[in-house]
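S.K.: Take a look at this one; I'll ask things after.
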Amino acid sequence: MPVLKNARHEKFAQARAKGKTADEAYAAAGFKPDRGHASRLASNGSVRERIDEIKSRVAEKAEWTAAERLRALKSIFDKESEKDARIGISAIAEANKMQGAYAPSKHEHKGQFTVINITAKQLDALTEDELASLESAYPVLQKLGLVAAEHSGSEAEEGSAEEP
């Protein structure tokens with residue numbers, strides 16, 4: 001389905017596809033907040049189809065990206081495992097994590113006034129734009145002392161206890 005002819009309907013569909021509520025999407029599209037109208041627009045056939053199309057494109061892109069990452073890890077394993085077994089083992093461990101072989105890990109970064117808890121599942125739910133925003137904010141968070149300057153290796157130690 002092509003982009004909706006009505007620009008505000010298209011903005012509404014994009015906002016809904018990103019996970020906003022109908023009310024939030026309605027306001028984001030430039031409409032005067034009105035729960036009834038937001039609900040009616042959300043149930044409009046062409047808008048509903050457009051939302052589904054946007055969501056499916058995002059899902060396809062995410063699946064393809066995951067497949068590409070797995071291929072890259074396999075390539076690393078194939079090229080490097082004979083030279084350095086640690087690299088091969090790391091590639092296998094990362095591939096296993098991507099495919100859900102480990103329980104989700106919880107990352108906790110403590111600051112003076114703030115505790116930030118981020119699970120792998122929460123990171124997976126973020127859009128590419130949100131991940132880019134988080135990544136661009138990292139140096140500032142690091143400067144404020146809200147995240148560690150280096151990876152401490154504690155995850156690797158925890159993961160190695162689970163591996164045979």
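Ordering of the structure tokens sets the chain letters (A, B, ...), residue numbers begin anew at 1 in every chain, and ligands are numbered from 1 in the order given.
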Check the DSSP output for the backbone and give back, as a VMD selection string, the residues of segment 28-128 of chain A in helix (DSSP H, G or I).
M.R.: chain A and resid 28 35 to 42 45 to 80 85 to 98 120 to 125 128
S.K.: With a distance cut-off of 12 Å and only C-alpha atoms, select the neighbouring residues of segment 126-135 of chain A, excluding the residue or stretch itself and same-chain residues fewer than 2 positions from it, and output the selection as a PDB file with N, CA and C atoms, in the first residue's frame.
M.R.:
ATOM      1  N   ALA A  17       2.349   2.831  14.345  1.00  0.00           N
ATOM      2  CA  ALA A  17       3.268   1.733  14.051  1.00  0.00           C
ATOM      3  C   ALA A  17       4.468   1.748  14.991  1.00  0.00           C
ATOM      4  N   LYS A  18       4.823   2.940  15.479  1.00  0.00           N
ATOM      5  CA  LYS A  18       5.949   3.056  16.423  1.00  0.00           C
ATOM      6  C   LYS A  18       5.532   2.732  17.849  1.00  0.00           C
ATOM      7  N   GLY A  19       4.233   2.473  18.078  1.00  0.00           N
ATOM      8  CA  GLY A  19       3.788   2.061  19.397  1.00  0.00           C
ATOM      9  C   GLY A  19       3.036   3.097  20.193  1.00  0.00           C
ATOM     10  N   LYS A  55       4.493  -1.780  10.133  1.00  0.00           N
ATOM     11  CA  LYS A  55       4.975  -2.731  11.137  1.00  0.00           C
ATOM     12  C   LYS A  55       5.643  -3.929  10.481  1.00  0.00           C
ATOM     13  N   VAL A  58       9.132  -3.022   9.198  1.00  0.00           N
ATOM     14  CA  VAL A  58      10.078  -2.920  10.307  1.00  0.00           C
ATOM     15  C   VAL A  58      10.476  -4.322  10.764  1.00  0.00           C
ATOM     16  N   ALA A  59       9.492  -5.218  10.879  1.00  0.00           N
ATOM     17  CA  ALA A  59       9.777  -6.584  11.312  1.00  0.00           C
ATOM     18  C   ALA A  59      10.677  -7.297  10.311  1.00  0.00           C
ATOM     19  N   LYS A  61      12.805  -5.935   8.240  1.00  0.00           N
ATOM     20  CA  LYS A  61      14.129  -5.340   8.317  1.00  0.00           C
ATOM     21  C   LYS A  61      14.883  -5.864   9.538  1.00  0.00           C
ATOM     22  N   ALA A  62      14.188  -5.994  10.663  1.00  0.00           N
ATOM     23  CA  ALA A  62      14.825  -6.501  11.878  1.00  0.00           C
ATOM     24  C   ALA A  62      15.244  -7.949  11.709  1.00  0.00           C
ATOM     25  N   THR A  65      18.248  -8.050   9.442  1.00  0.00           N
ATOM     26  CA  THR A  65      19.412  -7.562  10.148  1.00  0.00           C
ATOM     27  C   THR A  65      19.952  -8.629  11.088  1.00  0.00           C
ATOM     28  N   ILE A 118      18.322  -1.688  32.180  1.00  0.00           N
ATOM     29  CA  ILE A 118      17.950  -1.965  30.799  1.00  0.00           C
ATOM     30  C   ILE A 118      18.116  -3.457  30.568  1.00  0.00           C
ATOM     31  N   THR A 119      17.044  -4.112  30.129  1.00  0.00           N
ATOM     32  CA  THR A 119      17.132  -5.529  29.816  1.00  0.00           C
ATOM     33  C   THR A 119      17.353  -5.697  28.314  1.00  0.00           C
ATOM     34  N   ALA A 120      17.850  -6.844  27.934  1.00  0.00           N
ATOM     35  CA  ALA A 120      18.061  -7.127  26.518  1.00  0.00           C
ATOM     36  C   ALA A 120      16.734  -7.061  25.764  1.00  0.00           C
ATOM     37  N   LYS A 121      15.667  -7.509  26.391  1.00  0.00           N
ATOM     38  CA  LYS A 121      14.344  -7.481  25.753  1.00  0.00           C
ATOM     39  C   LYS A 121      13.914  -6.042  25.474  1.00  0.00           C
ATOM     40  N   GLN A 122      14.192  -5.132  26.414  1.00  0.00           N
ATOM     41  CA  GLN A 122      13.843  -3.725  26.221  1.00  0.00           C
ATOM     42  C   GLN A 122      14.653  -3.134  25.071  1.00  0.00           C
ATOM     43  N   LEU A 123      15.926  -3.473  24.982  1.00  0.00           N
ATOM     44  CA  LEU A 123      16.754  -2.967  23.883  1.00  0.00           C
ATOM     45  C   LEU A 123      16.249  -3.481  22.543  1.00  0.00           C
ATOM     46  N   ASP A 124      15.829  -4.764  22.504  1.00  0.00           N
ATOM     47  CA  ASP A 124      15.312  -5.335  21.264  1.00  0.00           C
ATOM     48  C   ASP A 124      14.039  -4.635  20.803  1.00  0.00           C
ATOM     49  N   ALA A 137      23.663   9.402  23.238  1.00  0.00           N
ATOM     50  CA  ALA A 137      23.644   9.924  24.606  1.00  0.00           C
ATOM     51  C   ALA A 137      24.695   9.258  25.490  1.00  0.00           C
ATOM     52  N   TYR A 138      25.240   8.132  25.057  1.00  0.00           N
ATOM     53  CA  TYR A 138      26.178   7.367  25.880  1.00  0.00           C
ATOM     54  C   TYR A 138      27.372   8.190  26.359  1.00  0.00           C
ATOM     55  N   PRO A 139      28.051   8.969  25.487  1.00  0.00           N
ATOM     56  CA  PRO A 139      29.196   9.745  25.982  1.00  0.00           C
ATOM     57  C   PRO A 139      28.821  10.731  27.093  1.00  0.00           C
ATOM     58  N   VAL A 140      27.636  11.319  26.994  1.00  0.00           N
ATOM     59  CA  VAL A 140      27.189  12.257  28.024  1.00  0.00           C
ATOM     60  C   VAL A 140      26.927  11.501  29.325  1.00  0.00           C
ATOM     61  N   LEU A 141      26.254  10.356  29.225  1.00  0.00           N
ATOM     62  CA  LEU A 141      25.996   9.544  30.414  1.00  0.00           C
ATOM     63  C   LEU A 141      27.307   9.084  31.048  1.00  0.00           C
ATOM     64  N   GLN A 142      28.264   8.758  30.198  1.00  0.00           N
ATOM     65  CA  GLN A 142      29.576   8.336  30.675  1.00  0.00           C
ATOM     66  C   GLN A 142      30.275   9.496  31.393  1.00  0.00           C
TER      67      GLN A 142
END
S.K.: Tell me which protein, DNA and RNA residues are within 12 Å of Ser75 of chain A, counting only C-alpha atoms, leaving out same-chain ones fewer than 5 positions away, and put them as a ChimeraX atom specification.
M.R.: /A:68-70,80-81,87-88,91-92,95
S.K.: Need the shell around Phe12 of chain A: protein/DNA/RNA residues with any atom at most 12 Å away, counting only C-alpha atoms. Skip same-chain ones fewer than 6 positions apart. Format as a ChimeraX atom specification?
M.R.: /A:3-4,6,18-31,37-44,46-48,50-51,54
S.K.: Write the residues of the preceding selection, restricted to N, CA and C atoms, as an mmCIF file, in the first residue's frame.
M.R.:
data_model
loop_
_atom_site.group_PDB
_atom_site.id
_atom_site.type_symbol
_atom_site.label_atom_id
_atom_site.label_comp_id
_atom_site.auth_asym_id
_atom_site.auth_seq_id
_atom_site.Cartn_x
_atom_site.Cartn_y
_atom_site.Cartn_z
ATOM 1 N N VAL A 3 1.959 5.326 0.418
ATOM 2 C CA VAL A 3 1.789 6.311 1.476
ATOM 3 C C VAL A 3 0.376 6.875 1.378
ATOM 4 N N LEU A 4 -0.254 7.110 2.522
ATOM 5 C CA LEU A 4 -1.614 7.649 2.527
ATOM 6 C C LEU A 4 -1.632 9.055 1.934
ATOM 7 N N ASN A 6 -3.590 11.567 2.610
ATOM 8 C CA ASN A 6 -3.745 12.582 3.654
ATOM 9 C C ASN A 6 -2.492 12.523 4.542
ATOM 10 N N LYS A 18 4.823 2.940 15.479
ATOM 11 C CA LYS A 18 5.949 3.056 16.423
ATOM 12 C C LYS A 18 5.532 2.732 17.849
ATOM 13 N N GLY A 19 4.233 2.473 18.078
ATOM 14 C CA GLY A 19 3.788 2.061 19.397
ATOM 15 C C GLY A 19 3.036 3.097 20.193
ATOM 16 N N LYS A 20 2.793 4.258 19.610
ATOM 17 C CA LYS A 20 2.023 5.277 20.341
ATOM 18 C C LYS A 20 0.563 4.844 20.421
ATOM 19 N N THR A 21 -0.117 5.309 21.463
ATOM 20 C CA THR A 21 -1.544 5.042 21.576
ATOM 21 C C THR A 21 -2.262 5.846 20.498
ATOM 22 N N ALA A 22 -3.529 5.511 20.258
ATOM 23 C CA ALA A 22 -4.299 6.241 19.253
ATOM 24 C C ALA A 22 -4.387 7.720 19.619
ATOM 25 N N ASP A 23 -4.592 8.019 20.897
ATOM 26 C CA ASP A 23 -4.684 9.419 21.343
ATOM 27 C C ASP A 23 -3.369 10.157 21.107
ATOM 28 N N GLU A 24 -2.250 9.517 21.461
ATOM 29 C CA GLU A 24 -0.936 10.143 21.273
ATOM 30 C C GLU A 24 -0.646 10.361 19.786
ATOM 31 N N ALA A 25 -0.944 9.350 18.979
ATOM 32 C CA ALA A 25 -0.702 9.438 17.540
ATOM 33 C C ALA A 25 -1.571 10.516 16.906
ATOM 34 N N TYR A 26 -2.793 10.632 17.368
ATOM 35 C CA TYR A 26 -3.725 11.624 16.839
ATOM 36 C C TYR A 26 -3.181 13.031 17.081
ATOM 37 N N ALA A 27 -2.699 13.272 18.296
ATOM 38 C CA ALA A 27 -2.125 14.581 18.627
ATOM 39 C C ALA A 27 -0.819 14.810 17.858
ATOM 40 N N ALA A 28 -0.001 13.761 17.735
ATOM 41 C CA ALA A 28 1.276 13.881 17.015
ATOM 42 C C ALA A 28 1.061 14.199 15.536
ATOM 43 N N ALA A 29 -0.072 13.770 15.002
ATOM 44 C CA ALA A 29 -0.379 14.019 13.592
ATOM 45 C C ALA A 29 -0.905 15.436 13.377
ATOM 46 N N GLY A 30 -1.082 16.188 14.455
ATOM 47 C CA GLY A 30 -1.511 17.575 14.318
ATOM 48 C C GLY A 30 -2.993 17.802 14.523
ATOM 49 N N PHE A 31 -3.709 16.772 14.953
ATOM 50 C CA PHE A 31 -5.135 16.928 15.218
ATOM 51 C C PHE A 31 -5.358 17.440 16.634
ATOM 52 N N HIS A 37 -12.466 10.660 17.952
ATOM 53 C CA HIS A 37 -11.951 10.790 16.592
ATOM 54 C C HIS A 37 -10.692 9.952 16.413
ATOM 55 N N ALA A 38 -9.849 9.901 17.446
ATOM 56 C CA ALA A 38 -8.620 9.100 17.377
ATOM 57 C C ALA A 38 -8.969 7.629 17.201
ATOM 58 N N SER A 39 -9.953 7.161 17.940
ATOM 59 C CA SER A 39 -10.391 5.770 17.851
ATOM 60 C C SER A 39 -10.969 5.469 16.470
ATOM 61 N N ARG A 40 -11.751 6.402 15.950
ATOM 62 C CA ARG A 40 -12.364 6.228 14.636
ATOM 63 C C ARG A 40 -11.296 6.166 13.549
ATOM 64 N N LEU A 41 -10.298 7.043 13.637
ATOM 65 C CA LEU A 41 -9.231 7.044 12.638
ATOM 66 C C LEU A 41 -8.408 5.758 12.732
ATOM 67 N N ALA A 42 -8.179 5.279 13.956
ATOM 68 C CA ALA A 42 -7.407 4.052 14.148
ATOM 69 C C ALA A 42 -8.123 2.844 13.543
ATOM 70 N N SER A 43 -9.439 2.887 13.475
ATOM 71 C CA SER A 43 -10.192 1.759 12.919
ATOM 72 C C SER A 43 -10.496 1.915 11.429
ATOM 73 N N ASN A 44 -10.080 3.034 10.838
ATOM 74 C CA ASN A 44 -10.261 3.257 9.405
ATOM 75 C C ASN A 44 -9.490 2.178 8.639
ATOM 76 N N SER A 46 -8.107 1.857 5.552
ATOM 77 C CA SER A 46 -6.850 2.174 4.865
ATOM 78 C C SER A 46 -5.757 2.558 5.859
ATOM 79 N N VAL A 47 -6.113 3.216 6.935
ATOM 80 C CA VAL A 47 -5.129 3.583 7.963
ATOM 81 C C VAL A 47 -4.632 2.315 8.651
ATOM 82 N N ARG A 48 -5.549 1.409 8.970
ATOM 83 C CA ARG A 48 -5.188 0.137 9.615
ATOM 84 C C ARG A 48 -4.232 -0.661 8.712
ATOM 85 N N ARG A 50 -2.233 0.534 6.432
ATOM 86 C CA ARG A 50 -0.951 1.240 6.387
ATOM 87 C C ARG A 50 -0.133 0.969 7.651
ATOM 88 N N ILE A 51 -0.781 0.968 8.810
ATOM 89 C CA ILE A 51 -0.102 0.665 10.069
ATOM 90 C C ILE A 51 0.493 -0.744 10.003
ATOM 91 N N ILE A 54 3.546 -0.816 7.663
ATOM 92 C CA ILE A 54 4.737 -0.211 8.284
ATOM 93 C C ILE A 54 5.332 -1.175 9.301
#
S.K.: Using only C-alpha atoms, which of the listed residues (A:Lys83, A:Arg35, A:Arg71, A:Leu144) sits closest to Met98 of chain A?
M.R.: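 Of the candidates, the smallest distance to Met98 of chain A is held by A:Arg71.
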S.K.: Which of segment 9-143 of chain A end up as strand (DSSP E or B) when DSSP is run on this backbone - answer as a ChimeraX atom specification?
M.R.: /A:106-110,115-119
S.K.: If I take atom CA of Leu73 of chain A and atom CA of Glu94 of chain A, how far is one from the other in Å, to one decimal?
M.R.: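 According to the coordinates, atom CA of Leu73 of chain A and atom CA of Glu94 of chain A are separated by 7.7 Å.
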